[in-house]
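Raw contents of model-v8.cif, mmCIF, C-alpha atoms and all ligand atoms:
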data_protein
loop_
_atom_site.label_atom_id
_atom_site.label_comp_id
_atom_site.auth_asym_id
_atom_site.auth_seq_id
_atom_site.Cartn_x
_atom_site.Cartn_y
_atom_site.Cartn_z
CA MET A 1 11.03 -23.32 149.74
CA VAL A 2 14.73 -22.67 149.38
CA LEU A 3 14.76 -24.65 146.22
CA MET A 4 11.89 -22.73 145.06
CA GLU A 5 13.51 -19.48 145.99
CA GLU A 6 16.77 -20.63 144.51
CA GLY A 7 14.96 -21.80 141.51
CA ASN A 8 13.31 -18.45 141.29
CA ASP A 9 16.45 -16.48 141.68
CA PRO A 10 18.35 -17.19 138.51
CA PRO A 11 15.46 -16.11 136.22
CA ILE A 12 15.24 -12.85 138.15
CA THR A 13 18.92 -12.26 137.66
CA THR A 14 18.63 -13.10 134.00
CA THR A 15 15.73 -10.71 133.65
CA VAL A 16 17.64 -7.94 135.28
CA ILE A 17 20.61 -8.60 133.05
CA ASN A 18 18.34 -8.71 130.02
CA ARG A 19 16.61 -5.51 131.03
CA THR A 20 19.99 -3.83 131.40
CA ASN A 21 20.94 -5.05 127.90
CA GLN A 22 17.62 -3.82 126.46
CA SER A 23 17.93 -0.37 127.99
CA ARG A 24 21.32 -0.15 126.44
CA ALA A 25 20.08 -1.23 123.00
CA LEU A 26 16.99 1.05 123.10
CA PRO A 27 18.36 4.22 121.43
CA HIS A 28 19.61 2.20 118.47
CA ARG A 29 16.30 0.34 117.93
CA LEU A 30 14.39 3.58 118.41
CA ILE A 31 16.34 5.29 115.67
CA GLN A 32 15.73 2.29 113.40
CA LEU A 33 12.00 2.35 114.17
CA LEU A 34 11.85 6.10 113.71
CA ALA A 35 13.56 5.84 110.36
CA LEU A 36 11.16 3.10 109.31
CA PHE A 37 8.26 5.22 110.49
CA ILE A 38 9.43 8.22 108.52
CA ILE A 39 9.90 6.12 105.40
CA LEU A 40 6.45 4.67 105.87
CA CYS A 41 4.89 8.13 106.35
CA PHE A 42 6.66 9.42 103.29
CA SER A 43 5.45 6.48 101.24
CA ILE A 44 1.90 6.90 102.48
CA SER A 45 1.84 10.58 101.66
CA LEU A 46 3.28 9.91 98.22
CA PHE A 47 0.69 7.23 97.66
CA SER A 48 -2.09 9.53 98.92
CA ILE A 49 -1.07 12.32 96.57
CA TYR A 50 -1.02 9.84 93.71
CA MET A 51 -4.43 8.48 94.72
CA ILE A 52 -5.98 11.92 95.09
CA ARG A 53 -4.84 12.87 91.61
CA LYS A 54 -6.11 9.64 90.19
CA THR A 55 -9.50 9.95 91.93
CA GLU A 56 -9.82 13.49 90.64
CA VAL A 57 -9.42 12.23 87.09
CA VAL A 58 -11.90 9.45 87.70
CA THR A 59 -14.39 11.91 89.20
CA THR A 60 -14.00 14.23 86.25
CA VAL A 61 -14.61 11.39 83.84
CA THR A 62 -17.63 10.20 85.83
CA SER A 63 -19.16 13.65 85.91
CA ALA A 64 -18.51 14.03 82.19
CA ILE A 65 -20.36 10.85 81.26
CA PRO A 66 -23.95 12.14 81.71
CA ILE A 67 -23.11 15.06 79.40
CA LEU A 68 -21.74 12.77 76.73
CA GLN A 69 -24.27 9.98 77.12
CA PRO A 70 -27.18 11.36 75.06
CA CYS A 71 -24.85 11.81 72.11
CA ILE A 72 -23.36 8.37 72.40
CA GLN A 73 -26.50 6.40 73.17
CA GLU A 74 -29.02 8.62 71.41
CA GLN A 75 -31.11 8.64 74.52
CA PRO A 76 -34.01 11.06 74.57
CA ASN A 77 -33.05 14.08 76.65
CA ASN A 78 -35.33 16.37 78.53
CA ASN A 79 -35.76 19.09 75.96
CA LEU A 80 -38.49 19.33 73.32
CA ASP A 81 -36.74 16.84 71.00
CA ARG A 82 -37.92 14.09 73.27
CA TRP A 83 -41.51 14.78 72.23
CA ILE A 84 -41.08 15.61 68.59
CA THR A 85 -38.44 13.14 67.40
CA PRO A 86 -40.10 10.16 65.73
CA PRO A 87 -39.31 6.73 67.17
CA SER A 88 -36.09 5.55 65.53
CA ASN A 89 -37.28 1.96 65.56
CA LEU A 90 -40.81 0.97 64.55
CA ILE A 91 -40.61 -2.29 66.43
CA HIS A 92 -41.94 -1.98 69.96
CA THR A 93 -43.36 -4.34 72.55
CA MET A 94 -46.50 -2.34 73.37
CA SER A 95 -49.77 -4.25 73.32
CA ASP A 96 -52.58 -2.77 71.20
CA LYS A 97 -54.14 -1.41 74.37
CA GLU A 98 -50.90 0.31 75.41
CA LEU A 99 -50.21 1.52 71.86
CA PHE A 100 -53.66 3.07 71.40
CA TRP A 101 -53.44 4.80 74.74
CA ARG A 102 -50.00 6.19 73.92
CA ALA A 103 -51.11 7.25 70.41
CA SER A 104 -54.17 9.06 71.75
CA PHE A 105 -52.05 11.90 73.26
CA VAL A 106 -53.19 15.04 71.47
CA PRO A 107 -51.59 18.47 71.92
CA GLN A 108 -54.03 21.04 73.28
CA VAL A 109 -52.06 24.04 72.02
CA ILE A 110 -52.94 24.27 68.35
CA LYS A 111 -49.87 26.20 67.19
CA TYR A 112 -46.68 24.11 67.17
CA PRO A 113 -43.76 25.88 68.94
CA PHE A 114 -41.26 24.57 66.35
CA ALA A 115 -40.95 24.49 62.58
CA ARG A 116 -43.16 21.55 61.70
CA VAL A 117 -43.22 20.31 58.13
CA PRO A 118 -46.34 18.15 57.80
CA LYS A 119 -45.68 14.68 56.45
CA ILE A 120 -47.90 12.17 54.71
CA ALA A 121 -47.93 8.74 56.35
CA PHE A 122 -48.28 6.06 53.67
CA MET A 123 -49.72 3.04 55.43
CA PHE A 124 -49.38 -0.17 53.43
CA LEU A 125 -51.85 -2.87 54.32
CA ALA A 126 -50.34 -5.91 52.63
CA LYS A 127 -50.43 -9.66 52.97
CA GLY A 128 -46.75 -10.13 52.20
CA PRO A 129 -44.37 -8.59 49.68
CA LEU A 130 -44.88 -5.31 47.83
CA PRO A 131 -44.48 -6.34 44.16
CA LEU A 132 -44.85 -2.75 42.92
CA ALA A 133 -42.18 -1.44 45.34
CA PRO A 134 -39.81 -0.28 42.52
CA LEU A 135 -42.56 2.00 41.19
CA TRP A 136 -43.20 3.45 44.64
CA GLU A 137 -39.44 3.92 45.21
CA ARG A 138 -39.35 6.10 42.13
CA PHE A 139 -42.42 8.00 43.31
CA PHE A 140 -40.86 8.76 46.73
CA LYS A 141 -37.40 9.65 45.40
CA GLY A 142 -36.25 13.12 46.49
CA HIS A 143 -39.03 13.75 49.03
CA THR A 144 -37.55 12.12 52.15
CA SER A 145 -38.65 14.79 54.64
CA LEU A 146 -42.27 14.83 53.46
CA TYR A 147 -43.42 11.28 54.01
CA SER A 148 -43.21 8.29 56.34
CA ILE A 149 -43.96 4.68 55.47
CA TYR A 150 -45.61 2.03 57.64
CA ILE A 151 -46.24 -1.56 56.56
CA HIS A 152 -48.62 -4.01 58.18
CA SER A 153 -48.10 -7.46 56.72
CA LEU A 154 -48.91 -10.93 57.98
CA PRO A 155 -46.77 -11.70 61.06
CA SER A 156 -45.37 -14.77 59.28
CA TYR A 157 -43.97 -12.66 56.42
CA GLU A 158 -40.22 -11.89 56.59
CA PRO A 159 -39.51 -8.72 54.59
CA SER A 160 -36.33 -8.65 52.53
CA PHE A 161 -35.93 -5.03 51.46
CA PRO A 162 -32.34 -3.87 50.98
CA SER A 163 -31.13 -1.21 53.44
CA THR A 164 -31.23 1.36 50.61
CA SER A 165 -34.99 0.83 50.13
CA VAL A 166 -37.58 3.30 51.45
CA PHE A 167 -39.42 0.24 52.76
CA TYR A 168 -36.45 -1.03 54.81
CA ASN A 169 -37.34 -1.48 58.51
CA ARG A 170 -40.75 0.13 58.07
CA GLN A 171 -42.77 -2.87 59.27
CA ILE A 172 -44.89 -2.32 62.35
CA PRO A 173 -45.61 -5.13 64.82
CA SER A 174 -48.52 -6.92 63.18
CA GLN A 175 -51.09 -9.48 64.07
CA ILE A 176 -53.20 -11.75 61.94
CA ALA A 177 -55.49 -9.71 59.69
CA GLU A 178 -58.26 -11.83 58.24
CA TRP A 179 -59.19 -10.25 54.97
CA GLY A 180 -62.77 -8.97 55.04
CA ARG A 181 -63.26 -9.62 58.73
CA MET A 182 -63.05 -7.45 61.80
CA SER A 183 -59.32 -7.80 62.20
CA MET A 184 -58.77 -5.80 58.98
CA CYS A 185 -60.08 -2.82 60.88
CA ASP A 186 -57.77 -3.78 63.74
CA ALA A 187 -54.85 -3.69 61.32
CA GLU A 188 -55.90 -0.29 59.95
CA ARG A 189 -56.30 1.17 63.43
CA ARG A 190 -52.91 -0.30 64.38
CA LEU A 191 -51.33 1.38 61.35
CA LEU A 192 -52.92 4.70 62.33
CA ALA A 193 -51.79 4.39 65.95
CA ASN A 194 -48.18 3.64 64.97
CA ALA A 195 -48.16 6.50 62.47
CA LEU A 196 -49.58 8.91 65.07
CA LEU A 197 -46.47 8.39 67.22
CA ASP A 198 -44.59 10.63 64.77
CA ILE A 199 -45.87 14.12 65.53
CA SER A 200 -44.90 15.32 62.03
CA ASN A 201 -47.37 13.01 60.33
CA GLU A 202 -50.42 15.10 59.45
CA TYR A 203 -52.06 13.05 56.66
CA PHE A 204 -52.64 9.32 56.80
CA ILE A 205 -53.31 7.37 53.66
CA LEU A 206 -54.15 3.68 53.53
CA VAL A 207 -52.86 1.87 50.46
CA SER A 208 -52.44 -1.75 49.45
CA GLU A 209 -49.77 -3.73 47.64
CA SER A 210 -51.84 -3.47 44.43
CA CYS A 211 -52.12 0.35 44.57
CA ILE A 212 -50.24 2.84 42.38
CA PRO A 213 -49.96 6.65 42.62
CA LEU A 214 -51.56 8.42 39.64
CA TYR A 215 -49.50 11.64 39.94
CA ASN A 216 -46.04 12.68 41.09
CA PHE A 217 -45.31 13.24 44.77
CA THR A 218 -45.36 17.05 44.57
CA MET A 219 -48.82 17.03 43.07
CA ILE A 220 -50.22 14.52 45.59
CA TYR A 221 -48.66 16.35 48.54
CA HIS A 222 -50.14 19.63 47.38
CA TYR A 223 -53.59 18.11 46.79
CA MET A 224 -53.76 16.62 50.28
CA THR A 225 -52.25 19.50 52.22
CA GLN A 226 -54.43 22.12 50.54
CA SER A 227 -57.68 20.22 51.01
CA LYS A 228 -60.28 21.43 53.52
CA TYR A 229 -61.59 17.90 53.87
CA SER A 230 -60.36 14.38 54.52
CA PHE A 231 -61.10 11.75 51.92
CA MET A 232 -63.26 8.99 53.24
CA GLY A 233 -65.89 7.48 50.99
CA SER A 234 -69.02 7.76 53.12
CA PHE A 235 -72.54 7.57 51.74
CA ASP A 236 -76.02 6.50 52.71
CA ASP A 237 -77.02 3.50 50.57
CA PRO A 238 -80.74 2.71 51.02
CA GLY A 239 -80.37 -0.71 49.34
CA PRO A 240 -79.77 -4.19 50.78
CA PHE A 241 -75.96 -3.74 50.80
CA GLY A 242 -76.27 -0.43 52.69
CA ARG A 243 -79.08 0.08 55.18
CA GLY A 244 -79.93 -3.59 54.61
CA ARG A 245 -76.83 -4.46 56.68
CA TYR A 246 -77.79 -2.24 59.60
CA ASN A 247 -78.55 -4.06 62.83
CA PRO A 248 -80.95 -2.29 65.29
CA ASN A 249 -78.91 -3.78 68.15
CA MET A 250 -76.50 -0.93 67.47
CA LEU A 251 -78.95 1.49 69.07
CA PRO A 252 -78.61 3.84 70.83
CA GLU A 253 -75.06 4.50 69.55
CA VAL A 254 -75.96 4.25 65.85
CA ASN A 255 -79.40 4.61 64.28
CA VAL A 256 -80.27 3.67 60.71
CA SER A 257 -80.09 7.23 59.36
CA GLN A 258 -76.52 7.53 60.67
CA TRP A 259 -75.49 4.26 59.01
CA ARG A 260 -72.89 4.80 56.23
CA LYS A 261 -71.03 2.78 53.67
CA GLY A 262 -67.78 3.39 51.82
CA PRO A 263 -64.65 1.77 50.44
CA GLN A 264 -61.96 0.71 52.85
CA TRP A 265 -59.24 2.95 51.33
CA PHE A 266 -59.15 6.35 53.00
CA GLU A 267 -57.05 9.44 53.58
CA VAL A 268 -57.60 11.27 56.87
CA ASN A 269 -55.87 14.08 58.72
CA ARG A 270 -54.41 13.88 62.21
CA LYS A 271 -57.61 14.94 63.92
CA LEU A 272 -59.68 12.19 62.30
CA ALA A 273 -56.93 9.63 62.87
CA SER A 274 -57.05 10.49 66.60
CA ILE A 275 -60.84 10.10 66.63
CA ILE A 276 -60.52 6.65 65.05
CA ILE A 277 -57.88 5.25 67.38
CA SER A 278 -59.46 6.63 70.56
CA ASP A 279 -63.00 5.44 69.81
CA VAL A 280 -64.18 3.06 72.51
CA LYS A 281 -67.90 3.73 72.11
CA TYR A 282 -68.75 2.59 68.58
CA TYR A 283 -66.09 -0.01 67.89
CA PRO A 284 -67.37 -2.59 70.41
CA LYS A 285 -70.87 -2.26 68.89
CA PHE A 286 -69.49 -2.96 65.43
CA LEU A 287 -67.46 -5.88 66.75
CA GLU A 288 -70.59 -7.38 68.22
CA PHE A 289 -73.33 -6.56 65.72
CA CYS A 290 -71.69 -6.09 62.31
CA ARG A 291 -71.19 -9.67 61.18
CA PRO A 292 -71.43 -11.06 57.64
CA PRO A 293 -73.19 -10.12 55.47
CA CYS A 294 -72.23 -6.85 57.19
CA TYR A 295 -68.58 -6.00 56.49
CA VAL A 296 -67.00 -3.89 59.19
CA ASP A 297 -64.36 -2.53 56.77
CA GLU A 298 -67.09 -1.00 54.62
CA HIS A 299 -69.15 0.53 57.42
CA TYR A 300 -67.19 1.25 60.59
CA PHE A 301 -64.94 4.16 59.51
CA PRO A 302 -67.56 5.80 57.23
CA THR A 303 -70.21 5.64 59.96
CA LEU A 304 -67.95 6.65 62.85
CA LEU A 305 -66.55 9.71 61.06
CA ALA A 306 -69.95 10.75 59.64
CA ILE A 307 -71.17 10.87 63.25
CA ARG A 308 -68.10 12.39 64.88
CA ALA A 309 -66.79 14.81 62.23
CA PRO A 310 -69.21 15.11 59.27
CA ASN A 311 -67.99 18.60 58.37
CA LEU A 312 -64.44 17.37 57.81
CA LEU A 313 -65.35 14.71 55.25
CA ALA A 314 -65.26 15.02 51.47
CA ASN A 315 -67.33 11.82 51.43
CA ARG A 316 -65.32 10.44 48.53
CA SER A 317 -62.26 8.27 48.25
CA LEU A 318 -58.97 9.21 46.54
CA THR A 319 -58.44 5.66 45.30
CA TRP A 320 -59.97 4.64 42.02
CA VAL A 321 -61.09 1.07 41.35
CA ASP A 322 -62.79 -0.36 38.30
CA TRP A 323 -66.18 -1.88 39.10
CA SER A 324 -67.25 -1.83 35.44
CA ARG A 325 -66.56 -5.54 34.93
CA GLY A 326 -69.25 -6.42 37.51
CA GLY A 327 -69.12 -9.09 40.19
CA ALA A 328 -68.27 -8.98 43.88
CA HIS A 329 -64.70 -7.76 43.37
CA PRO A 330 -63.28 -4.87 41.35
CA ALA A 331 -61.15 -5.60 38.30
CA THR A 332 -57.52 -6.61 38.73
CA PHE A 333 -55.35 -5.33 35.89
CA GLY A 334 -52.69 -7.56 34.37
CA ALA A 335 -49.69 -6.84 32.15
CA ASN A 336 -51.83 -6.94 28.98
CA ASP A 337 -54.13 -4.19 30.26
CA ILE A 338 -51.32 -1.65 30.64
CA THR A 339 -51.40 0.14 27.28
CA GLU A 340 -51.01 3.79 26.30
CA LEU A 341 -54.76 4.00 25.87
CA PHE A 342 -55.32 2.63 29.37
CA MET A 343 -52.75 5.00 30.90
CA ASN A 344 -54.39 7.96 29.16
CA LYS A 345 -57.79 6.99 30.52
CA LEU A 346 -56.54 6.90 34.13
CA HIS A 347 -56.80 10.70 34.32
CA GLU A 348 -59.77 11.22 32.02
CA GLY A 349 -63.51 11.63 32.45
CA ARG A 350 -63.50 12.60 36.12
CA GLU A 351 -65.57 15.24 37.78
CA CYS A 352 -65.87 15.91 41.48
CA LEU A 353 -65.76 18.63 44.11
CA TYR A 354 -62.41 19.71 45.53
CA ASN A 355 -62.70 22.31 48.32
CA ASP A 356 -66.32 22.81 47.22
CA GLU A 357 -65.24 23.70 43.65
CA PRO A 358 -65.65 21.48 40.58
CA SER A 359 -62.41 19.66 39.77
CA LEU A 360 -61.13 17.26 37.12
CA VAL A 361 -58.58 15.70 39.47
CA CYS A 362 -60.54 13.30 41.65
CA TYR A 363 -58.37 10.25 42.23
CA LEU A 364 -54.71 10.26 43.31
CA PHE A 365 -54.32 6.47 43.50
CA ALA A 366 -55.65 3.46 41.65
CA ARG A 367 -55.97 -0.26 42.19
CA LYS A 368 -55.86 -3.20 41.61
CA PHE A 369 -52.64 -3.88 39.73
CA ALA A 370 -51.22 -7.39 39.55
CA PRO A 371 -47.45 -7.92 40.09
CA SER A 372 -47.15 -8.66 36.35
CA THR A 373 -47.91 -4.99 35.53
CA LEU A 374 -44.68 -3.69 37.10
CA GLN A 375 -42.45 -3.60 34.01
CA GLN A 376 -45.06 -1.88 31.84
CA LEU A 377 -45.88 0.62 34.58
CA LEU A 378 -42.20 1.49 34.98
CA VAL A 379 -42.04 2.19 31.25
CA PHE A 380 -45.18 4.35 31.16
CA ALA A 381 -44.90 6.14 34.54
CA PRO A 382 -42.59 9.03 33.47
CA GLU A 383 -44.87 10.05 30.61
CA PHE A 384 -48.31 9.33 32.06
CA LEU A 385 -47.92 9.52 35.83
CA GLY A 386 -45.20 12.16 36.10
CA TYR A 387 -42.59 10.15 38.03
C1 LIG B 1 -45.59 17.02 38.97
O1 LIG B 1 -46.77 16.97 38.21
C2 LIG B 1 -47.33 18.24 37.95
C3 LIG B 1 -48.67 18.07 37.24
O2 LIG B 1 -49.06 16.77 37.12
C4 LIG B 1 -46.35 19.05 37.10
O3 LIG B 1 -46.88 20.33 36.83
C5 LIG B 1 -45.03 19.17 37.87
O4 LIG B 1 -44.07 19.82 37.05
C6 LIG B 1 -44.51 17.81 38.28
N1 LIG B 1 -43.40 18.02 39.19
C7 LIG B 1 -42.25 17.37 39.07
C8 LIG B 1 -41.22 17.67 40.09
O5 LIG B 1 -42.07 16.53 38.21
C1 LIG B 2 -80.66 9.27 64.67
O1 LIG B 2 -79.86 9.99 65.61
C2 LIG B 2 -79.68 11.35 65.30
C3 LIG B 2 -78.66 11.92 66.27
O2 LIG B 2 -78.91 11.50 67.57
C4 LIG B 2 -81.00 12.07 65.32
O3 LIG B 2 -80.84 13.43 64.99
C5 LIG B 2 -81.94 11.40 64.30
O4 LIG B 2 -83.22 11.99 64.37
C6 LIG B 2 -82.05 9.91 64.59
N1 LIG B 2 -82.79 9.28 63.48
C7 LIG B 2 -83.70 8.31 63.65
C8 LIG B 2 -84.33 7.75 62.46
O5 LIG B 2 -83.94 7.89 64.76
C1 LIG B 3 -70.33 14.63 53.89
O1 LIG B 3 -71.44 13.98 54.45
C2 LIG B 3 -71.89 14.53 55.70
C3 LIG B 3 -73.05 13.69 56.17
O2 LIG B 3 -72.65 12.35 56.36
C4 LIG B 3 -72.26 15.98 55.51
O3 LIG B 3 -72.64 16.54 56.72
C5 LIG B 3 -71.07 16.75 54.94
O4 LIG B 3 -71.43 18.07 54.66
C6 LIG B 3 -70.62 16.09 53.64
N1 LIG B 3 -69.41 16.75 53.16
C7 LIG B 3 -69.36 17.50 52.06
C8 LIG B 3 -68.07 18.14 51.70
O5 LIG B 3 -70.35 17.67 51.36
#
Whole structure, structure tokens version:
Amino acid sequence: MVLMEEGNDPPITTTVINRTNQSRALPHRLIQLLALFIILCFSISLFSIYMIRKTEVVTTVTSAIPILQPCIQEQPNNNLDRWITPPSNLIHTMSDKELFWRASFVPQVIKYPFARVPKIAFMFLAKGPLPLAPLWERFFKGHTSLYSIYIHSLPSYEPSFPSTSVFYNRQIPSQIAEWGRMSMCDAERRLLANALLDISNEYFILVSESCIPLYNFTMIYHYMTQSKYSFMGSFDDPGPFGRGRYNPNMLPEVNVSQWRKGPQWFEVNRKLASIIISDVKYYPKFLEFCRPPCYVDEHYFPTLLAIRAPNLLANRSLTWVDWSRGGAHPATFGANDITELFMNKLHEGRECLYNDEPSLVCYLFARKFAPSTLQQLLVFAPEFLGY
């Protein structure tokens, strides 16, 4: 016990002594701590001020970004431009179903609330290259705001137009088009749907790689824009290649007296283009019951439009072809055919109705021209075609 007490005593004494020492040292330590504290506070406030300023700058920058973004990234904004600016890139990942749905949007207010300059959409249905491109380039020169170009070629074809060409980047996503079969109509409808996405396109003309314009751009633009009618060859042919191809399974949608025939090359306005791409009633019937010897390309558009909008059709095509040599296909002209006499004849001996009046200008385009005709055509175009 004593030992324990004794043993306990010295620590107590030490503690007391220590405590006395501590109480003596306290004011000094306190001052040190206080000084440290003040320094710390000062530093923190300095740091805070610095941080607040910095955050303010960051916030300003952040809030400025949304204002700058549309300019930098060319994102569509929420004003009218969003609806009237054509897609900057023709390549998209929409399926045909999605594309046709999107293209079927039609304004219900007839008057446009902005200055709209109607454009002609030139839709090239081609297998691969466009051998007559230099001629077309010359034709389009100086009319940039009045036309758009769309090309549907075989998916396997890699175009190689220079960036200065009017054909550069104008390919639309394509799928196999079997010449003379149903998928040609698919390709034509796909061209129309893509061209409809640009609200400025008002006229839609289908041309091929073997087509040439017969007049200068000004003349063609005027002819199309001033016409009361769209140009779709559409006639009732009582013979075996007309009504003879009609299949009664198409009833009740199409009866034999509604059955029409016409060449594949057409020029339609926006209204008719919308009718074509939004048709879900007649197209399936044609897919099912127009099989060789019935050619969908020669019957579907002429029949559909004669049923849906007969009063808007001129019932004639703007594209001239030469059937005079006979056979199943029209003549293809080669380099040797392109003479002054031939060029003169391109505009001669025509008679037709234009806006219900007799006219001598009936065809604006002609086919079929082989690639070998290019050099001769370039020589003759200024004098005989006006471009
Ligand atoms: C275009 O052709 C028409 C007639 O064919 C002519 O009157 C007109 O001057 C030509 N325009 C230009 C810009 O060459
Ligand atoms: C074909 O259909 C049209 C429109 O429904 C009708 O006016 C016409 O009489 C029909 N023709 C025949 C031969 O059935
Ligand atoms: C075109 O043919 C349709 C019948 O298919 C007719 O109703 C229309 O009047 C014709 N158009 C012209 C300009 O004659």
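Among the candidates A:Phe289, A:Phe114, A:Tyr246, A:Tyr221, the one nearest to ligand LIG 1 (chain B) when counting only C-alpha atoms and all ligand atoms is A:Tyr221.
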I'd like the box whose edges run along x, y and z of the file and which contains every listed atom of segment 355-374 of chain A, padded by 4 Å per side; could you state its centre and edge lengths in Å, one decimal, as lines of an AutoDock Vina configuration file?
center_x = -55.5
center_y = 7.5
center_z = 41.9
size_x = 29.6
size_y = 40.4
size_z = 20.8
Between atom O2 of ligand LIG 3 (chain B) and atom CA of Ser234 of chain A, what distance in Å does the model show, to one decimal?
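Distance reported for this atom pair: 6.7 Å.
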Within 9 Å of Arg308 of chain A, counting all atoms listed in the file, which residues show up once you throw out same-chain ones fewer than 5 positions away? Write them as a PyMOL selection string, please.
chain A and resi 272+275+303
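Going from atom CA of Val296 of chain A over to atom CA of Ser324 of chain A, you cover 23.8 Å.
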Residues within 7 Å of ligand LIG 1 (chain B) should be enumerated using only C-alpha atoms and all ligand atoms and returned as a VMD selection string.
chain A and resid 215 to 219 386 to 387
Just write the chosen residues, C-alpha atoms, as a PDB file, in the coordinates of the input.
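Once everything was written out, this is again_8.pdb:
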ATOM      1  CA  TYR A 215     -49.500  11.640  39.940  1.00  0.00           C
ATOM      2  CA  ASN A 216     -46.040  12.680  41.090  1.00  0.00           C
ATOM      3  CA  PHE A 217     -45.310  13.240  44.770  1.00  0.00           C
ATOM      4  CA  THR A 218     -45.360  17.050  44.570  1.00  0.00           C
ATOM      5  CA  MET A 219     -48.820  17.030  43.070  1.00  0.00           C
ATOM      6  CA  GLY A 386     -45.200  12.160  36.100  1.00  0.00           C
ATOM      7  CA  TYR A 387     -42.590  10.150  38.030  1.00  0.00           C
TER       8      TYR A 387
END
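Omitting Ala195 of chain A and its sequence neighbours fewer than 3 positions away, and counting only C-alpha atoms, the residues within 9 Å are A:Ala103, A:Ala121, A:Phe122, A:Met123, A:Ser148, A:Ile149, A:Tyr150, A:Arg190, A:Leu191, A:Leu192, A:Asp198, A:Ile199, A:Asn201, A:Phe204.
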Could you take the residues named above and write them with C-alpha atoms, as a compact mmCIF listing (two decimals), keeping the file's coordinate frame?
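File written: part_17.txt
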# COMPACT_ATOMS: atom_id res chain seq x y z
CA ALA A 103 -51.11 7.25 70.41
CA ALA A 121 -47.93 8.74 56.35
CA PHE A 122 -48.28 6.06 53.67
CA MET A 123 -49.72 3.04 55.43
CA SER A 148 -43.21 8.29 56.34
CA ILE A 149 -43.96 4.68 55.47
CA TYR A 150 -45.61 2.03 57.64
CA ARG A 190 -52.91 -0.30 64.38
CA LEU A 191 -51.33 1.38 61.35
CA LEU A 192 -52.92 4.70 62.33
CA ASP A 198 -44.59 10.63 64.77
CA ILE A 199 -45.87 14.12 65.53
CA ASN A 201 -47.37 13.01 60.33
CA PHE A 204 -52.64 9.32 56.80
What are the closest atom pairs, with distances in Å to one decimal, for each residue of chain A lying within 8 Å of ligand LIG 2 (chain B), using all atoms listed in the file, rows by chain and rising residue number, as CSV?
residue,atom,partner,partner_atom,distance
A:Val254,CA,B:LIG2,O1,6.9
A:Asn255,CA,B:LIG2,C1,4.8
A:Val256,CA,B:LIG2,C8,6.0
A:Ser257,CA,B:LIG2,C8,5.3
A:Gln258,CA,B:LIG2,C1,6.0
Which of these, A:Val268, A:Gly242, A:Ala273, A:Lys368, has the shortest distance to Trp323 of chain A once you count all atoms listed in the file?
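Closest residue, counting all atoms listed in the file: A:Lys368.
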Just want the residues within 10 Å of ligand LIG 3 (chain B), written as a count of residues only, counting all atoms listed in the file.
32
